[in-house]
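For reference, the structure is listed below as structure tokens.
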Amino acid sequence: MIGSWLGSRTKRVQRTSPLAAVHTPPSAGVLSCRVLDPVNEPVTHAEFAVSDTTGRKVVSGGMDPFGSFVTTVPAGEYRLAVSAEGYTPYRATATVGENALASLGDVTLQVARPPELPSPGDWEIEPTHSSIGFTARHIGLARIHGRFNSFAGVIRMADQVDHSAMHVVIDAASIDTNVRMRDDHLRSADFLDVQRFPTLEFYSERFVHKGGNRWAITGALSLHGVTRTVTLDTEYLGLGNGMEGEVRAACRATTELRRDDFTVSWQTMLARGIAVVGPSIRIDLDVQVVRKG
């Protein structure tokens, strides 16, 4: 009777195991991991990527609220990469057997050292290795991608970075969506009205460190004769050396503009109930700067 009771108890435990609910095809297994910080708290914003031995990505995703992931993959050898903002990436290999669990257990991420900041002084935007792009919806359907081909700017780095300043000037007529007729219309009085407002300008004296390599750069954007406060969500990428040995710094930044905030509307079509350009426009910047002098 005791053996019978233990046997039935074992079956109950197996039936209630969390992995019992994971459907595993005959030729597949389960890979799992829990990601912690140095004080054993779950890193819930971490992301994982599983690749095969050739480097081809098999599956990727985020963690659950406990910092864990569980994924089903074909049996075989895999490479796992775990990354999270502010931490040094973690890499490991794992062998997943058929109808078996391959658990890496608890993985502790180490806090990454922030990249070195640019030295105090004036740093010029280098247009050849920089871009200012935008994405908007066309009549509520497909996304339209474009860019500005002509711009210039300077970042004045202060001894205390949060006291730094930035000034960027964009040639409005350089707008380019790779369709000449559309670009001519965007330059017209219906939209940017480049004859009256030949430039877009952004000026900031507020740099706020958000942790790790994230910064918020808040300033005034003048567009179409209207000035509004805009914040750039910025990722600082660090320093490097160019082909001639010059020191460069790089960053990526994004923001979202509401078209109506800058009175950029095509009134003729709006009167007919057609929103030719969506209400919001996403701006994406990839910037390299070089120390002046």
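Chain lettering (A, B, ...) mirrors the order of the structure tokens, residue numbering begins at 1 for each chain separately, and ligand numbering begins at 1 in order of display.
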Spatial neighbours of A:Asp193, max dist 10 Å, only C-alpha atoms, sep filter under 4 positions, as a PyMOL selection string | chain A and resi 172-173+185-189+197-198+224-225+264
Write the residues of the preceding selection, restricted to all heavy atoms, as a PDB file, in the first residue's frame.
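The result, written out as selection.pdb:
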```pdb
ATOM      1  N   ALA A 172      15.553  72.520 -44.597  1.00  0.00           N
ATOM      2  CA  ALA A 172      14.226  71.947 -44.834  1.00  0.00           C
ATOM      3  C   ALA A 172      14.070  71.445 -46.264  1.00  0.00           C
ATOM      4  O   ALA A 172      13.400  70.434 -46.511  1.00  0.00           O
ATOM      5  CB  ALA A 172      13.142  72.978 -44.512  1.00  0.00           C
ATOM      6  N   ALA A 173      14.684  72.134 -47.217  1.00  0.00           N
ATOM      7  CA  ALA A 173      14.551  71.750 -48.625  1.00  0.00           C
ATOM      8  C   ALA A 173      15.266  70.451 -48.950  1.00  0.00           C
ATOM      9  O   ALA A 173      15.057  69.878 -50.020  1.00  0.00           O
ATOM     10  CB  ALA A 173      15.071  72.876 -49.522  1.00  0.00           C
ATOM     11  N   HIS A 185       6.043  68.303 -53.018  1.00  0.00           N
ATOM     12  CA  HIS A 185       4.835  68.676 -52.277  1.00  0.00           C
ATOM     13  C   HIS A 185       5.155  68.940 -50.807  1.00  0.00           C
ATOM     14  O   HIS A 185       4.632  69.878 -50.196  1.00  0.00           O
ATOM     15  CB  HIS A 185       3.796  67.561 -52.406  1.00  0.00           C
ATOM     16  CG  HIS A 185       2.437  67.972 -51.912  1.00  0.00           C
ATOM     17  ND1 HIS A 185       1.446  67.071 -51.654  1.00  0.00           N
ATOM     18  CD2 HIS A 185       1.925  69.199 -51.611  1.00  0.00           C
ATOM     19  CE1 HIS A 185       0.371  67.707 -51.221  1.00  0.00           C
ATOM     20  NE2 HIS A 185       0.639  69.002 -51.187  1.00  0.00           N
ATOM     21  N   LEU A 186       6.032  68.136 -50.204  1.00  0.00           N
ATOM     22  CA  LEU A 186       6.408  68.350 -48.813  1.00  0.00           C
ATOM     23  C   LEU A 186       7.140  69.678 -48.618  1.00  0.00           C
ATOM     24  O   LEU A 186       7.058  70.290 -47.556  1.00  0.00           O
ATOM     25  CB  LEU A 186       7.282  67.194 -48.319  1.00  0.00           C
ATOM     26  CG  LEU A 186       6.583  65.839 -48.158  1.00  0.00           C
ATOM     27  CD1 LEU A 186       7.593  64.740 -47.866  1.00  0.00           C
ATOM     28  CD2 LEU A 186       5.532  65.900 -47.057  1.00  0.00           C
ATOM     29  N   ARG A 187       7.829  70.143 -49.654  1.00  0.00           N
ATOM     30  CA  ARG A 187       8.521  71.442 -49.566  1.00  0.00           C
ATOM     31  C   ARG A 187       7.571  72.615 -49.752  1.00  0.00           C
ATOM     32  O   ARG A 187       7.920  73.752 -49.419  1.00  0.00           O
ATOM     33  CB  ARG A 187       9.625  71.506 -50.633  1.00  0.00           C
ATOM     34  CG  ARG A 187      10.740  70.492 -50.451  1.00  0.00           C
ATOM     35  CD  ARG A 187      11.823  70.663 -51.503  1.00  0.00           C
ATOM     36  NE  ARG A 187      12.816  69.592 -51.431  1.00  0.00           N
ATOM     37  CZ  ARG A 187      12.918  68.593 -52.307  1.00  0.00           C
ATOM     38  NH1 ARG A 187      12.087  68.543 -53.359  1.00  0.00           N
ATOM     39  NH2 ARG A 187      13.822  67.662 -52.153  1.00  0.00           N
ATOM     40  N   SER A 188       6.398  72.354 -50.286  1.00  0.00           N
ATOM     41  CA  SER A 188       5.460  73.424 -50.642  1.00  0.00           C
ATOM     42  C   SER A 188       4.807  74.029 -49.402  1.00  0.00           C
ATOM     43  O   SER A 188       4.999  73.580 -48.269  1.00  0.00           O
ATOM     44  CB  SER A 188       4.381  72.875 -51.573  1.00  0.00           C
ATOM     45  OG  SER A 188       3.472  72.064 -50.835  1.00  0.00           O
ATOM     46  N   ALA A 189       3.982  75.057 -49.653  1.00  0.00           N
ATOM     47  CA  ALA A 189       3.280  75.747 -48.567  1.00  0.00           C
ATOM     48  C   ALA A 189       2.274  74.837 -47.863  1.00  0.00           C
ATOM     49  O   ALA A 189       1.844  75.127 -46.747  1.00  0.00           O
ATOM     50  CB  ALA A 189       2.576  76.983 -49.103  1.00  0.00           C
ATOM     51  N   PHE A 197      10.141  79.157 -44.409  1.00  0.00           N
ATOM     52  CA  PHE A 197      10.837  78.577 -43.256  1.00  0.00           C
ATOM     53  C   PHE A 197      11.925  77.633 -43.765  1.00  0.00           C
ATOM     54  O   PHE A 197      11.733  76.408 -43.823  1.00  0.00           O
ATOM     55  CB  PHE A 197       9.851  77.827 -42.361  1.00  0.00           C
ATOM     56  CG  PHE A 197       8.620  78.612 -42.002  1.00  0.00           C
ATOM     57  CD1 PHE A 197       7.382  78.279 -42.547  1.00  0.00           C
ATOM     58  CD2 PHE A 197       8.705  79.689 -41.146  1.00  0.00           C
ATOM     59  CE1 PHE A 197       6.247  78.988 -42.227  1.00  0.00           C
ATOM     60  CE2 PHE A 197       7.567  80.427 -40.815  1.00  0.00           C
ATOM     61  CZ  PHE A 197       6.340  80.072 -41.361  1.00  0.00           C
ATOM     62  N   PRO A 198      13.056  78.171 -44.173  1.00  0.00           N
ATOM     63  CA  PRO A 198      14.089  77.360 -44.842  1.00  0.00           C
ATOM     64  C   PRO A 198      14.820  76.375 -43.944  1.00  0.00           C
ATOM     65  O   PRO A 198      15.478  75.466 -44.446  1.00  0.00           O
ATOM     66  CB  PRO A 198      15.058  78.408 -45.399  1.00  0.00           C
ATOM     67  CG  PRO A 198      14.864  79.607 -44.513  1.00  0.00           C
ATOM     68  CD  PRO A 198      13.423  79.597 -44.110  1.00  0.00           C
ATOM     69  N   HIS A 224       8.549  75.079 -39.093  1.00  0.00           N
ATOM     70  CA  HIS A 224       7.382  75.694 -39.722  1.00  0.00           C
ATOM     71  C   HIS A 224       6.910  76.934 -38.972  1.00  0.00           C
ATOM     72  O   HIS A 224       5.723  77.230 -38.869  1.00  0.00           O
ATOM     73  CB  HIS A 224       6.248  74.667 -39.820  1.00  0.00           C
ATOM     74  CG  HIS A 224       5.193  75.010 -40.820  1.00  0.00           C
ATOM     75  ND1 HIS A 224       3.906  75.337 -40.469  1.00  0.00           N
ATOM     76  CD2 HIS A 224       5.244  75.094 -42.174  1.00  0.00           C
ATOM     77  CE1 HIS A 224       3.191  75.593 -41.545  1.00  0.00           C
ATOM     78  NE2 HIS A 224       3.990  75.450 -42.605  1.00  0.00           N
ATOM     79  N   GLY A 225       7.881  77.672 -38.397  1.00  0.00           N
ATOM     80  CA  GLY A 225       7.564  78.913 -37.702  1.00  0.00           C
ATOM     81  C   GLY A 225       7.025  78.736 -36.300  1.00  0.00           C
ATOM     82  O   GLY A 225       6.618  79.707 -35.660  1.00  0.00           O
ATOM     83  N   VAL A 264       1.606  71.792 -39.283  1.00  0.00           N
ATOM     84  CA  VAL A 264       1.962  71.220 -40.576  1.00  0.00           C
ATOM     85  C   VAL A 264       0.792  70.351 -41.025  1.00  0.00           C
ATOM     86  O   VAL A 264       0.669  69.194 -40.624  1.00  0.00           O
ATOM     87  CB  VAL A 264       3.259  70.401 -40.500  1.00  0.00           C
ATOM     88  CG1 VAL A 264       3.601  69.798 -41.865  1.00  0.00           C
ATOM     89  CG2 VAL A 264       4.406  71.282 -40.017  1.00  0.00           C
TER      90      VAL A 264
END
```
Pick from A:Thr95, A:Val287, A:Cys33, A:Val169: nearest to A:Ala81, with only C-alpha atoms counted?
->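 Among A:Thr95, A:Val287, A:Cys33, A:Val169, it is A:Cys33 that comes nearest to A:Ala81.
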Using only C-alpha atoms, which of the listed residues (A:Met157, A:Val208, A:Leu232, A:Val107) sits closest to A:Arg291?
->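 Among the listed residues, A:Met157 lies closest to A:Arg291.
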A:Ser280 surroundings by only C-alpha atoms, 10 Å radius, close-in-sequence under 5 positions cut, as a PyMOL selection string = chain A and resi 135-137+256-261
Please indicate the distance in Å from atom CA of A:His129 to atom CA of A:Ala152, rounded to one decimal place.
->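 Computing the Euclidean distance for atom CA of A:His129 and atom CA of A:Ala152 yields 12.1 Å.
Secondary structure of stretch 38-284 of chain A, helix (DSSP H, G or I) only (DSSP, backbone atoms): Pro127, Thr128, His129, Val161, Asp162, His163, Ala172, Ala173, Ser174, Arg180, Met181, Arg182, Asp183, Asp184, His185, Leu186, Arg187, Arg259, Asp260, Asp261, Phe262, Gln267, Thr268, Met269 and Leu270 of chain A.
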Work out how far apart atom CA of A:Leu101 and atom CA of A:Ser32 are and give it in Å to one decimal.
->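 Distance reported for this atom pair: 7.6 Å.
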Just list the residues in stretch 64-225 of chain A DSSP gives strand (DSSP E or B) on the backbone, as an MDAnalysis selection string.
-> chainID A and resid 68:74 76:83 87 90:96 101:108 111 121:125 131:138 143:148 151:157 165:171 175:176 199:211 214:223
Pick out the residues sitting within 10 Å of A:Val58, and hand them over as a list in words; count only C-alpha atoms, and ignore anything fewer than 2 positions along from it in its own chain.
->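 My list of contacting residues is Ala49, Val50, Ser51, Asp52, Gly55, Arg56, Ser60, Val73, Pro74, Tyr78 and Arg79 of chain A.
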Distance query A:Phe151 at most 12 Å, only C-alpha atoms, self and fewer than 5 positions along chain excluded, as number ranges by chain | A: 124-133, 167-175, 198-202, 285, 287
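Excluding A:Gly67 itself and same-chain residues fewer than 3 positions from it, the residues having an atom within 7 Å of it are A:Arg34, A:Val35, A:Leu36, A:Pro42, A:Val43, A:Thr44, A:Met63, A:Asp64, counting only C-alpha atoms.
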With only C-alpha atoms as the atoms that count, which of A:Leu104, A:Val194, A:Leu223, A:Ala158 lies nearest to A:Ser119?
-> A:Ala158
Give me the residues within 6 Å of A:Ile155 as a list of chain:residue names, counting only C-alpha atoms and dropping any in the same chain fewer than 3 places off.
->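 Listed by chain and then number, they are A:Asp122, A:Trp123, A:Ala165, A:Met166.
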Once you have the residues from the selection above, write them out as an mmCIF file, in the first residue's frame, restricted to N, CA and C atoms.
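Generated output (selection27.cif):
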```
data_model
loop_
_atom_site.group_PDB
_atom_site.id
_atom_site.type_symbol
_atom_site.label_atom_id
_atom_site.label_comp_id
_atom_site.auth_asym_id
_atom_site.auth_seq_id
_atom_site.Cartn_x
_atom_site.Cartn_y
_atom_site.Cartn_z
ATOM 1 N N ASP A 122 34.092 71.801 -27.913
ATOM 2 C CA ASP A 122 33.114 71.784 -28.988
ATOM 3 C C ASP A 122 33.324 70.574 -29.894
ATOM 4 N N TRP A 123 32.245 69.860 -30.169
ATOM 5 C CA TRP A 123 32.253 68.685 -31.027
ATOM 6 C C TRP A 123 31.263 68.914 -32.166
ATOM 7 N N ALA A 165 25.505 71.812 -24.084
ATOM 8 C CA ALA A 165 24.520 72.426 -24.978
ATOM 9 C C ALA A 165 24.684 71.856 -26.375
ATOM 10 N N MET A 166 23.599 71.898 -27.146
ATOM 11 C CA MET A 166 23.623 71.391 -28.514
ATOM 12 C C MET A 166 22.794 72.296 -29.408
#
```
Could you check how far atom CA of A:Ala112 sits from atom CA of A:Glu85, in Å to one decimal?
-> 8.6 Å
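In terms of minimum interatomic distance to A:Gly212, A:Arg113 ranks closest within A:Arg180, A:Arg252, A:Arg147, A:Arg113, counting only C-alpha atoms.
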